[in-house]
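The file run.pdb comes next; it holds PDB, C-alpha atoms, pLDDT in the B column.
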MODEL        1
ATOM      1  CA  MET Z   1       0.000   0.000   0.000  1.00 42.00           C
ATOM      2  CA  ASN Z   2       1.335   3.458  -0.885  1.00 51.00           C
ATOM      3  CA  LYS Z   3       1.805   5.871   1.941  1.00 60.00           C
ATOM      4  CA  ARG Z   4       0.324   9.245   1.192  1.00 59.00           C
ATOM      5  CA  ILE Z   5       2.349  12.297   1.996  1.00 57.00           C
ATOM      6  CA  LYS Z   6       0.545  14.233   4.703  1.00 62.00           C
ATOM      7  CA  GLN Z   7       2.610  17.358   4.105  1.00 60.00           C
ATOM      8  CA  LYS Z   8       0.832  20.085   2.154  1.00 69.00           C
ATOM      9  CA  LEU Z   9       2.851  22.071  -0.333  1.00 76.00           C
ATOM     10  CA  ASN Z  10       1.174  25.409   0.191  1.00 77.00           C
ATOM     11  CA  SER Z  11       4.068  27.534   1.466  1.00 82.00           C
ATOM     12  CA  ALA Z  12       7.673  28.200   0.559  1.00 86.00           C
ATOM     13  CA  THR Z  13       8.816  27.171   4.041  1.00 84.00           C
ATOM     14  CA  GLN Z  14       7.091  23.781   3.743  1.00 87.00           C
ATOM     15  CA  ILE Z  15       8.784  23.169   0.410  1.00 91.00           C
ATOM     16  CA  GLN Z  16      12.070  24.344   1.908  1.00 93.00           C
ATOM     17  CA  ARG Z  17      11.864  21.752   4.685  1.00 91.00           C
ATOM     18  CA  LEU Z  18      11.105  18.958   2.223  1.00 91.00           C
ATOM     19  CA  LEU Z  19      14.024  19.972   0.013  1.00 93.00           C
ATOM     20  CA  LEU Z  20      16.361  20.216   2.996  1.00 96.00           C
ATOM     21  CA  GLU Z  21      15.542  16.760   4.357  1.00 94.00           C
ATOM     22  CA  PRO Z  22      18.046  14.743   2.250  1.00 95.00           C
ATOM     23  CA  PHE Z  23      20.825  17.171   3.245  1.00 97.00           C
ATOM     24  CA  LEU Z  24      20.240  16.946   7.010  1.00 97.00           C
ATOM     25  CA  PHE Z  25      22.147  14.485   9.165  1.00 97.00           C
ATOM     26  CA  GLU Z  26      23.362  13.974  12.703  1.00 97.00           C
ATOM     27  CA  GLY Z  27      26.686  15.674  13.224  1.00 97.00           C
ATOM     28  CA  MET Z  28      26.120  18.369  10.599  1.00 98.00           C
ATOM     29  CA  THR Z  29      27.079  22.018  10.963  1.00 98.00           C
ATOM     30  CA  ALA Z  30      24.208  24.320  10.039  1.00 98.00           C
ATOM     31  CA  VAL Z  31      23.478  28.042  10.058  1.00 98.00           C
ATOM     32  CA  ASP Z  32      20.181  29.876  10.431  1.00 98.00           C
ATOM     33  CA  CYS Z  33      21.026  33.311   9.043  1.00 98.00           C
ATOM     34  CA  THR Z  34      17.750  34.855  10.248  1.00 97.00           C
ATOM     35  CA  ALA Z  35      16.858  33.305  13.599  1.00 97.00           C
ATOM     36  CA  GLY Z  36      13.612  35.244  14.025  1.00 94.00           C
ATOM     37  CA  ASN Z  37      11.291  33.287  16.318  1.00 93.00           C
ATOM     38  CA  GLY Z  38      13.612  30.271  16.294  1.00 96.00           C
ATOM     39  CA  ASN Z  39      11.609  27.918  14.090  1.00 95.00           C
ATOM     40  CA  ASP Z  40      14.398  27.133  11.623  1.00 96.00           C
ATOM     41  CA  THR Z  41      17.086  27.145  14.318  1.00 97.00           C
ATOM     42  CA  LEU Z  42      15.126  24.555  16.296  1.00 97.00           C
ATOM     43  CA  PHE Z  43      14.472  22.466  13.175  1.00 96.00           C
ATOM     44  CA  LEU Z  44      18.188  22.412  12.332  1.00 97.00           C
ATOM     45  CA  ALA Z  45      19.222  21.736  15.939  1.00 97.00           C
ATOM     46  CA  GLU Z  46      16.884  18.760  16.219  1.00 96.00           C
ATOM     47  CA  LYS Z  47      18.325  17.287  13.026  1.00 96.00           C
ATOM     48  CA  ALA Z  48      21.978  17.979  13.955  1.00 97.00           C
ATOM     49  CA  GLY Z  49      21.927  15.726  17.022  1.00 95.00           C
ATOM     50  CA  ALA Z  50      24.436  15.598  19.863  1.00 94.00           C
ATOM     51  CA  GLU Z  51      27.480  15.730  17.576  1.00 96.00           C
ATOM     52  CA  GLY Z  52      26.198  18.621  15.483  1.00 98.00           C
ATOM     53  CA  LYS Z  53      26.603  22.360  15.610  1.00 98.00           C
ATOM     54  CA  VAL Z  54      24.125  25.128  14.776  1.00 98.00           C
ATOM     55  CA  TYR Z  55      24.694  28.871  14.505  1.00 98.00           C
ATOM     56  CA  GLY Z  56      21.835  31.367  14.594  1.00 98.00           C
ATOM     57  CA  PHE Z  57      22.143  35.017  13.533  1.00 98.00           C
ATOM     58  CA  ASP Z  58      19.743  37.899  14.059  1.00 97.00           C
ATOM     59  CA  ILE Z  59      20.044  41.668  14.429  1.00 95.00           C
ATOM     60  CA  GLN Z  60      17.278  41.889  17.044  1.00 95.00           C
ATOM     61  CA  ALA Z  61      17.899  40.965  20.674  1.00 95.00           C
ATOM     62  CA  SER Z  62      14.223  39.977  20.992  1.00 94.00           C
ATOM     63  CA  ALA Z  63      14.677  37.458  18.159  1.00 95.00           C
ATOM     64  CA  ILE Z  64      17.754  35.943  19.796  1.00 97.00           C
ATOM     65  CA  GLU Z  65      15.872  35.662  23.101  1.00 96.00           C
ATOM     66  CA  ALA Z  66      12.820  34.119  21.412  1.00 95.00           C
ATOM     67  CA  THR Z  67      15.086  31.616  19.666  1.00 97.00           C
ATOM     68  CA  ARG Z  68      16.896  30.794  22.908  1.00 97.00           C
ATOM     69  CA  ALA Z  69      13.565  30.233  24.695  1.00 96.00           C
ATOM     70  CA  ARG Z  70      12.299  27.987  21.877  1.00 95.00           C
ATOM     71  CA  LEU Z  71      15.483  25.909  21.995  1.00 96.00           C
ATOM     72  CA  GLU Z  72      15.399  25.616  25.789  1.00 94.00           C
ATOM     73  CA  SER Z  73      11.789  24.442  25.731  1.00 94.00           C
ATOM     74  CA  SER Z  74      12.594  21.577  23.351  1.00 92.00           C
ATOM     75  CA  LYS Z  75      13.473  18.130  24.662  1.00 87.00           C
ATOM     76  CA  HIS Z  76      15.040  17.187  21.315  1.00 85.00           C
ATOM     77  CA  VAL Z  77      18.013  19.553  21.190  1.00 90.00           C
ATOM     78  CA  ALA Z  78      21.408  18.218  22.155  1.00 89.00           C
ATOM     79  CA  CYS Z  79      23.780  19.907  19.696  1.00 93.00           C
ATOM     80  CA  ASP Z  80      26.184  22.786  20.248  1.00 95.00           C
ATOM     81  CA  ILE Z  81      24.283  26.015  19.524  1.00 97.00           C
ATOM     82  CA  THR Z  82      25.745  29.492  19.140  1.00 98.00           C
ATOM     83  CA  LEU Z  83      23.339  32.423  18.872  1.00 98.00           C
ATOM     84  CA  ILE Z  84      24.875  35.607  17.476  1.00 98.00           C
ATOM     85  CA  LEU Z  85      23.372  39.078  17.834  1.00 98.00           C
ATOM     86  CA  LYS Z  86      24.664  40.354  14.497  1.00 98.00           C
ATOM     87  CA  GLY Z  87      23.476  40.631  10.938  1.00 97.00           C
ATOM     88  CA  HIS Z  88      24.057  37.707   8.620  1.00 98.00           C
ATOM     89  CA  GLU Z  89      26.595  39.736   6.645  1.00 98.00           C
ATOM     90  CA  HIS Z  90      29.014  38.839   9.473  1.00 98.00           C
ATOM     91  CA  LEU Z  91      28.985  35.102   8.659  1.00 98.00           C
ATOM     92  CA  SER Z  92      32.650  34.827   7.767  1.00 97.00           C
ATOM     93  CA  GLU Z  93      33.700  36.840  10.838  1.00 97.00           C
ATOM     94  CA  GLU Z  94      31.914  34.426  13.161  1.00 98.00           C
ATOM     95  CA  ILE Z  95      32.293  31.085  11.365  1.00 98.00           C
ATOM     96  CA  SER Z  96      35.597  29.726  10.139  1.00 95.00           C
ATOM     97  CA  GLU Z  97      34.587  26.109   9.545  1.00 97.00           C
ATOM     98  CA  ALA Z  98      32.932  24.644   6.475  1.00 98.00           C
ATOM     99  CA  VAL Z  99      29.147  24.326   6.793  1.00 98.00           C
ATOM    100  CA  ASP Z 100      26.704  21.663   5.547  1.00 98.00           C
ATOM    101  CA  VAL Z 101      23.418  23.621   5.509  1.00 98.00           C
ATOM    102  CA  ILE Z 102      22.582  27.337   5.511  1.00 98.00           C
ATOM    103  CA  VAL Z 103      19.025  28.667   5.765  1.00 98.00           C
ATOM    104  CA  TYR Z 104      17.650  32.178   5.235  1.00 98.00           C
ATOM    105  CA  ASN Z 105      14.105  33.349   5.873  1.00 96.00           C
ATOM    106  CA  LEU Z 106      14.301  36.980   4.794  1.00 96.00           C
ATOM    107  CA  GLY Z 107      12.008  39.899   5.556  1.00 93.00           C
ATOM    108  CA  TYR Z 108      10.836  41.107   8.936  1.00 82.00           C
ATOM    109  CA  LEU Z 109      10.120  39.342  12.214  1.00 79.00           C
ATOM    110  CA  PRO Z 110       6.443  38.264  12.151  1.00 76.00           C
ATOM    111  CA  ARG Z 111       4.185  40.174  14.551  1.00 74.00           C
ATOM    112  CA  HIS Z 112       6.943  42.733  15.250  1.00 74.00           C
ATOM    113  CA  ASP Z 113       8.206  46.022  13.810  1.00 78.00           C
ATOM    114  CA  LYS Z 114       7.907  45.680  10.025  1.00 81.00           C
ATOM    115  CA  SER Z 115      10.351  48.536   9.495  1.00 83.00           C
ATOM    116  CA  ILE Z 116      13.168  46.270  10.728  1.00 89.00           C
ATOM    117  CA  THR Z 117      13.794  44.025   7.759  1.00 94.00           C
ATOM    118  CA  THR Z 118      16.629  42.300   5.984  1.00 96.00           C
ATOM    119  CA  MET Z 119      18.231  44.616   3.448  1.00 96.00           C
ATOM    120  CA  THR Z 120      19.456  43.918  -0.068  1.00 97.00           C
ATOM    121  CA  PRO Z 121      23.135  44.920   0.350  1.00 98.00           C
ATOM    122  CA  SER Z 122      23.668  42.882   3.540  1.00 98.00           C
ATOM    123  CA  THR Z 123      21.720  39.924   2.147  1.00 98.00           C
ATOM    124  CA  LEU Z 124      23.834  39.807  -1.019  1.00 98.00           C
ATOM    125  CA  GLU Z 125      27.031  40.094   1.017  1.00 98.00           C
ATOM    126  CA  SER Z 126      25.849  37.305   3.296  1.00 98.00           C
ATOM    127  CA  VAL Z 127      24.906  34.996   0.423  1.00 98.00           C
ATOM    128  CA  LYS Z 128      28.344  35.513  -1.146  1.00 98.00           C
ATOM    129  CA  GLN Z 129      29.972  34.544   2.168  1.00 98.00           C
ATOM    130  CA  ALA Z 130      27.604  31.579   2.549  1.00 98.00           C
ATOM    131  CA  MET Z 131      28.610  30.282  -0.867  1.00 98.00           C
ATOM    132  CA  ASP Z 132      32.246  30.356   0.271  1.00 98.00           C
ATOM    133  CA  LEU Z 133      31.459  28.608   3.584  1.00 98.00           C
ATOM    134  CA  ILE Z 134      29.215  25.835   2.260  1.00 98.00           C
ATOM    135  CA  LYS Z 135      30.797  22.406   1.797  1.00 98.00           C
ATOM    136  CA  GLN Z 136      30.751  20.551  -1.495  1.00 98.00           C
ATOM    137  CA  GLY Z 137      27.397  18.774  -1.582  1.00 97.00           C
ATOM    138  CA  GLY Z 138      25.933  21.276   0.894  1.00 98.00           C
ATOM    139  CA  ILE Z 139      22.801  23.365   0.426  1.00 98.00           C
ATOM    140  CA  ILE Z 140      21.692  26.950   0.985  1.00 98.00           C
ATOM    141  CA  THR Z 141      18.001  27.837   0.957  1.00 98.00           C
ATOM    142  CA  ILE Z 142      16.686  31.382   0.852  1.00 98.00           C
ATOM    143  CA  THR Z 143      13.034  32.270   1.343  1.00 96.00           C
ATOM    144  CA  ALA Z 144      12.441  35.805   0.050  1.00 97.00           C
ATOM    145  CA  TYR Z 145       9.299  37.894   0.400  1.00 95.00           C
ATOM    146  CA  PRO Z 146       8.718  40.157  -2.613  1.00 96.00           C
ATOM    147  CA  GLY Z 147       5.352  41.301  -1.204  1.00 93.00           C
ATOM    148  CA  HIS Z 148       6.939  44.359   0.447  1.00 92.00           C
ATOM    149  CA  SER Z 149       9.228  46.916  -1.204  1.00 94.00           C
ATOM    150  CA  GLU Z 150      12.571  45.841   0.330  1.00 95.00           C
ATOM    151  CA  GLY Z 151      11.642  42.201  -0.151  1.00 95.00           C
ATOM    152  CA  GLU Z 152      10.981  42.852  -3.824  1.00 96.00           C
ATOM    153  CA  ARG Z 153      14.392  44.532  -4.158  1.00 97.00           C
ATOM    154  CA  GLU Z 154      16.036  41.592  -2.364  1.00 97.00           C
ATOM    155  CA  SER Z 155      14.307  39.006  -4.528  1.00 97.00           C
ATOM    156  CA  ASP Z 156      15.206  40.826  -7.763  1.00 98.00           C
ATOM    157  CA  ALA Z 157      18.816  41.326  -6.638  1.00 98.00           C
ATOM    158  CA  LEU Z 158      19.121  37.652  -5.707  1.00 98.00           C
ATOM    159  CA  VAL Z 159      17.856  36.575  -9.133  1.00 98.00           C
ATOM    160  CA  ASN Z 160      20.277  38.933 -10.873  1.00 98.00           C
ATOM    161  CA  PHE Z 161      23.228  37.808  -8.745  1.00 98.00           C
ATOM    162  CA  LEU Z 162      22.506  34.080  -8.744  1.00 98.00           C
ATOM    163  CA  LYS Z 163      22.078  34.011 -12.541  1.00 98.00           C
ATOM    164  CA  THR Z 164      25.766  34.945 -12.827  1.00 98.00           C
ATOM    165  CA  ILE Z 165      27.079  31.981 -10.794  1.00 98.00           C
ATOM    166  CA  ASP Z 166      29.080  29.331 -12.636  1.00 98.00           C
ATOM    167  CA  GLN Z 167      26.866  26.274 -13.115  1.00 97.00           C
ATOM    168  CA  SER Z 168      29.891  23.998 -12.861  1.00 98.00           C
ATOM    169  CA  LYS Z 169      30.242  25.079  -9.213  1.00 98.00           C
ATOM    170  CA  PHE Z 170      26.625  25.421  -8.045  1.00 98.00           C
ATOM    171  CA  ASN Z 171      23.170  24.161  -8.972  1.00 98.00           C
ATOM    172  CA  ILE Z 172      20.783  27.062  -8.403  1.00 98.00           C
ATOM    173  CA  SER Z 173      17.022  27.089  -8.765  1.00 97.00           C
ATOM    174  CA  LYS Z 174      14.059  29.262  -7.884  1.00 96.00           C
ATOM    175  CA  SER Z 175      10.650  27.986  -6.810  1.00 94.00           C
ATOM    176  CA  GLU Z 176       7.542  30.120  -6.568  1.00 91.00           C
ATOM    177  CA  PHE Z 177       3.796  29.701  -6.460  1.00 89.00           C
ATOM    178  CA  ILE Z 178       2.130  31.113  -9.559  1.00 89.00           C
ATOM    179  CA  ASN Z 179      -1.513  30.912  -8.487  1.00 90.00           C
ATOM    180  CA  GLN Z 180      -1.395  32.415  -4.979  1.00 88.00           C
ATOM    181  CA  ALA Z 181      -2.613  35.902  -4.157  1.00 88.00           C
ATOM    182  CA  ASN Z 182      -0.657  38.690  -2.495  1.00 89.00           C
ATOM    183  CA  THR Z 183       2.801  38.089  -3.996  1.00 91.00           C
ATOM    184  CA  PRO Z 184       3.799  34.813  -2.325  1.00 92.00           C
ATOM    185  CA  PRO Z 185       7.348  34.096  -1.131  1.00 94.00           C
ATOM    186  CA  VAL Z 186      10.058  32.853  -3.464  1.00 95.00           C
ATOM    187  CA  LEU Z 187      12.393  30.004  -2.561  1.00 96.00           C
ATOM    188  CA  PHE Z 188      15.960  29.942  -3.872  1.00 98.00           C
ATOM    189  CA  ILE Z 189      17.930  26.678  -3.620  1.00 97.00           C
ATOM    190  CA  ILE Z 190      21.716  26.691  -3.963  1.00 98.00           C
ATOM    191  CA  GLU Z 191      23.585  23.380  -3.979  1.00 98.00           C
ATOM    192  CA  LYS Z 192      27.378  23.344  -4.094  1.00 98.00           C
ATOM    193  CA  ARG Z 193      28.551  20.796  -6.662  1.00 97.00           C
TER     194      ARG Z 193
ENDMDL
END

Written as structure tokens, that's how I'd like the structure from this file.
Amino acid sequence: MNKRIKQKLNSATQIQRLLLEPFLFEGMTAVDCTAGNGNDTLFLAEKAGAEGKVYGFDIQASAIEATRARLESSKHVACDITLILKGHEHLSEEISEAVDVIVYNLGYLPRHDKSITTMTPSTLESVKQAMDLIKQGGIITITAYPGHSEGERESDALVNFLKTIDQSKFNISKSEFINQANTPPVLFIIEKR
């Protein structure tokens, strides 16, 4: 009997998790470049296991505290976790080791000040650093939100930058819903060959 997938594919973050699954393993080193409320940091930490390491970046102290609280409330986190109160453009200053998985969820912190958002110049700088840090066979996922003005600039700039990357070094794709209202998020997937 075939097992039916219970996961719905109605959001970029759900698709992101499904795409990440084959790249996640115990002992991995992972980075959440936009810790926010801690959802992705917790997801990565649970998958990394006791031998793994996870870094989480955010520019807002409230986001770092929310992430810390989410991690502390979980019974499934045993890995080494480092939370960093800095923008993701400081990746290479804070991380010197090669990384297996890097996740971005751009935009603003849900249910908080929408004027505090990721910005195009720092996002592009961060993605460039991430592409240097990622191991061969590793993956970077970026969820962008073109439904607000800075998110639209970020999404357009990412497309323009990522189109220039040598295909012999990276596989890069873009996934987006074409029948959803209100400018749905866009998911970029970058795999180092």

Answer as a compact mmCIF listing (two decimals) with C-alpha atoms, in the frame of the given file, residues within 9 Å of (16.5, 32.1, 2.2) using only C-alpha atoms:
# COMPACT_ATOMS: atom_id res chain seq x y z
CA GLN Z 16 12.07 24.34 1.91
CA CYS Z 33 21.03 33.31 9.04
CA THR Z 34 17.75 34.85 10.25
CA ILE Z 102 22.58 27.34 5.51
CA VAL Z 103 19.02 28.67 5.76
CA TYR Z 104 17.65 32.18 5.24
CA ASN Z 105 14.10 33.35 5.87
CA LEU Z 106 14.30 36.98 4.79
CA ILE Z 140 21.69 26.95 0.98
CA THR Z 141 18.00 27.84 0.96
CA ILE Z 142 16.69 31.38 0.85
CA THR Z 143 13.03 32.27 1.34
CA ALA Z 144 12.44 35.80 0.05
CA VAL Z 186 10.06 32.85 -3.46
CA LEU Z 187 12.39 30.00 -2.56
CA PHE Z 188 15.96 29.94 -3.87
CA ILE Z 189 17.93 26.68 -3.62

Quick one: residues within 7 Å of Gly36 (chain Z), all atoms listed in the file counted, chain neighbours fewer than 6 positions away excluded, as number ranges by chain? Z: 58, 63, 67, 109

I need the residue set behind the PyMOL selection byres ((chain Z and resi 62) around 12) for this file; please write it as a list in words.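 When the PyMOL selection byres ((chain Z and resi 62) around 12) is applied to the shown file, the picked residues are Ala35, Gly36, Asn37, Gly38, Phe57, Asp58, Ile59, Gln60, Ala61, Ala63, Ile64, Glu65, Ala66, Thr67, Arg68, Ala69, Leu85, Leu109, Pro110, Arg111, His112 and Asp113 of chain Z.
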
Atoms kept (C-alpha atoms) for selection, written as a PDB file, in the frame of the given file:
ATOM      1  CA  ALA Z  35      16.858  33.305  13.599  1.00 97.00           C
ATOM      2  CA  GLY Z  36      13.612  35.244  14.025  1.00 94.00           C
ATOM      3  CA  ASN Z  37      11.291  33.287  16.318  1.00 93.00           C
ATOM      4  CA  GLY Z  38      13.612  30.271  16.294  1.00 96.00           C
ATOM      5  CA  PHE Z  57      22.143  35.017  13.533  1.00 98.00           C
ATOM      6  CA  ASP Z  58      19.743  37.899  14.059  1.00 97.00           C
ATOM      7  CA  ILE Z  59      20.044  41.668  14.429  1.00 95.00           C
ATOM      8  CA  GLN Z  60      17.278  41.889  17.044  1.00 95.00           C
ATOM      9  CA  ALA Z  61      17.899  40.965  20.674  1.00 95.00           C
ATOM     10  CA  ALA Z  63      14.677  37.458  18.159  1.00 95.00           C
ATOM     11  CA  ILE Z  64      17.754  35.943  19.796  1.00 97.00           C
ATOM     12  CA  GLU Z  65      15.872  35.662  23.101  1.00 96.00           C
ATOM     13  CA  ALA Z  66      12.820  34.119  21.412  1.00 95.00           C
ATOM     14  CA  THR Z  67      15.086  31.616  19.666  1.00 97.00           C
ATOM     15  CA  ARG Z  68      16.896  30.794  22.908  1.00 97.00           C
ATOM     16  CA  ALA Z  69      13.565  30.233  24.695  1.00 96.00           C
ATOM     17  CA  LEU Z  85      23.372  39.078  17.834  1.00 98.00           C
ATOM     18  CA  LEU Z 109      10.120  39.342  12.214  1.00 79.00           C
ATOM     19  CA  PRO Z 110       6.443  38.264  12.151  1.00 76.00           C
ATOM     20  CA  ARG Z 111       4.185  40.174  14.551  1.00 74.00           C
ATOM     21  CA  HIS Z 112       6.943  42.733  15.250  1.00 74.00           C
ATOM     22  CA  ASP Z 113       8.206  46.022  13.810  1.00 78.00           C
TER      23      ASP Z 113
END

Shell of 6 Å around region 42-51 of chain Z, all atoms listed in the file, local chain residues under 5 positions omitted, as an MDAnalysis selection string: chainID Z and resid 25:28 71 76:79

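Closest approach to Glu94 (chain Z) from the set Z:Ser155, Z:Lys169, Z:Tyr55, Z:Asn39 is made by Z:Tyr55, with distances taken over only C-alpha atoms.
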
Edge lengths and centre in Å, axis-aligned, region 58-68 of chain Z plus 4 Å each side, as JSON:
{"center_x": 16.4, "center_y": 36.3, "center_z": 18.6, "size_x": 15.2, "size_y": 19.1, "size_z": 17.0}

Go through the shown structure with the PyMOL selection byres ((chain Z and resi 134) around 9) and write out the matching residues as a PDB file with C-alpha atoms, keeping the file's coordinate frame.
ATOM      1  CA  ALA Z  98      32.932  24.644   6.475  1.00 98.00           C
ATOM      2  CA  VAL Z  99      29.147  24.326   6.793  1.00 98.00           C
ATOM      3  CA  ASP Z 100      26.704  21.663   5.547  1.00 98.00           C
ATOM      4  CA  VAL Z 101      23.418  23.621   5.509  1.00 98.00           C
ATOM      5  CA  ILE Z 102      22.582  27.337   5.511  1.00 98.00           C
ATOM      6  CA  GLN Z 129      29.972  34.544   2.168  1.00 98.00           C
ATOM      7  CA  ALA Z 130      27.604  31.579   2.549  1.00 98.00           C
ATOM      8  CA  MET Z 131      28.610  30.282  -0.867  1.00 98.00           C
ATOM      9  CA  ASP Z 132      32.246  30.356   0.271  1.00 98.00           C
ATOM     10  CA  LEU Z 133      31.459  28.608   3.584  1.00 98.00           C
ATOM     11  CA  LYS Z 135      30.797  22.406   1.797  1.00 98.00           C
ATOM     12  CA  GLN Z 136      30.751  20.551  -1.495  1.00 98.00           C
ATOM     13  CA  GLY Z 137      27.397  18.774  -1.582  1.00 97.00           C
ATOM     14  CA  GLY Z 138      25.933  21.276   0.894  1.00 98.00           C
ATOM     15  CA  ILE Z 139      22.801  23.365   0.426  1.00 98.00           C
ATOM     16  CA  ILE Z 140      21.692  26.950   0.985  1.00 98.00           C
ATOM     17  CA  GLU Z 191      23.585  23.380  -3.979  1.00 98.00           C
ATOM     18  CA  LYS Z 192      27.378  23.344  -4.094  1.00 98.00           C
TER      19      LYS Z 192
END

Please, what distance in Å, to one decimal, runs between CA of Thr117 (chain Z) and CA of Ser11 (chain Z)?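 About the pair CA of Thr117 (chain Z) and CA of Ser11 (chain Z): they are 20.2 Å apart.
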
What is the CA of Val31 (chain Z) to CA of Leu18 (chain Z) distance in Å?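 Taking CA of Val31 (chain Z) and CA of Leu18 (chain Z), their separation equals 17.2 Å.
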
Residue nearest Glu150 (chain Z) - candidates Z:Phe170, Z:Phe23, Z:Tyr108, Z:Phe177, atoms counted: all atoms listed in the file: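 Among the listed residues, the smallest separation from Glu150 (chain Z) belongs to Z:Tyr108.
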
Measuring atom to atom with only C-alpha atoms, identify which of Z:Asn160, Z:Ser126, Z:Asp40, Z:Ser115 is nearest to Thr13 (chain Z).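 Ranked by minimum distance to Thr13 (chain Z), first place goes to Z:Asp40.
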
Using all atoms listed in the file, determine which residues lie at most 10 Å from Thr183 (chain Z), disregarding the query and same-chain residues fewer than 4 positions distant; provide the list as JSON, numbers by chain. {"Z": [145, 146, 147, 148, 152, 176, 177, 178, 179]}

Could you take the residues named above and write them with C-alpha atoms, as a PDB file, in the coordinates of the input?
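Dumped to again_8.pdb:
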ATOM      1  CA  TYR Z 145       9.299  37.894   0.400  1.00 95.00           C
ATOM      2  CA  PRO Z 146       8.718  40.157  -2.613  1.00 96.00           C
ATOM      3  CA  GLY Z 147       5.352  41.301  -1.204  1.00 93.00           C
ATOM      4  CA  HIS Z 148       6.939  44.359   0.447  1.00 92.00           C
ATOM      5  CA  GLU Z 152      10.981  42.852  -3.824  1.00 96.00           C
ATOM      6  CA  GLU Z 176       7.542  30.120  -6.568  1.00 91.00           C
ATOM      7  CA  PHE Z 177       3.796  29.701  -6.460  1.00 89.00           C
ATOM      8  CA  ILE Z 178       2.130  31.113  -9.559  1.00 89.00           C
ATOM      9  CA  ASN Z 179      -1.513  30.912  -8.487  1.00 90.00           C
TER      10      ASN Z 179
END

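Interatomic distance, CA of Asn182 (chain Z) to CA of Val159 (chain Z): 19.8 Å.
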
I need the residue nearest Pro185 (chain Z) from this list: Z:Phe161, Z:His88, Z:Glu97, Z:Gly107. Use only C-alpha atoms for the distance.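 Between Z:Phe161, Z:His88, Z:Glu97, Z:Gly107, the residue approaching Pro185 (chain Z) most closely is Z:Gly107.
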
Determine, counting only C-alpha atoms, which protein, DNA and RNA residues have an atom within 10 Å of an atom of Lys128 (chain Z); residues of the same chain fewer than 6 positions away are not included. Present the result as a PyMOL selection string. chain Z and resi 89+91-92+122+161-162

Would you save the residues of that selection, restricted to C-alpha atoms, as a short mmCIF file (atom, residue, chain, number, x, y, z; two decimals), in the frame of the given file?
data_model
loop_
_atom_site.label_atom_id
_atom_site.label_comp_id
_atom_site.auth_asym_id
_atom_site.auth_seq_id
_atom_site.Cartn_x
_atom_site.Cartn_y
_atom_site.Cartn_z
CA GLU Z 89 26.60 39.74 6.64
CA LEU Z 91 28.98 35.10 8.66
CA SER Z 92 32.65 34.83 7.77
CA SER Z 122 23.67 42.88 3.54
CA PHE Z 161 23.23 37.81 -8.74
CA LEU Z 162 22.51 34.08 -8.74
#

Could you state which residues are captured by the PyMOL selection byres ((chain Z and resi 83) around 6) in this file, as a PyMOL selection string? chain Z and resi 55-56+82+84

Determine the nearest neighbour of Ser173 (chain Z) from the options Z:Leu9, Z:Leu124, Z:Ile190, Z:Leu19, counting all atoms listed in the file.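 Among the listed residues, Z:Ile190 lies closest to Ser173 (chain Z).
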
From the set Z:Asp32, Z:Ala181, Z:Pro22, Z:Pro121, which residue has the shortest atom-to-atom contact distance to Leu158 (chain Z), counting only C-alpha atoms? Z:Pro121
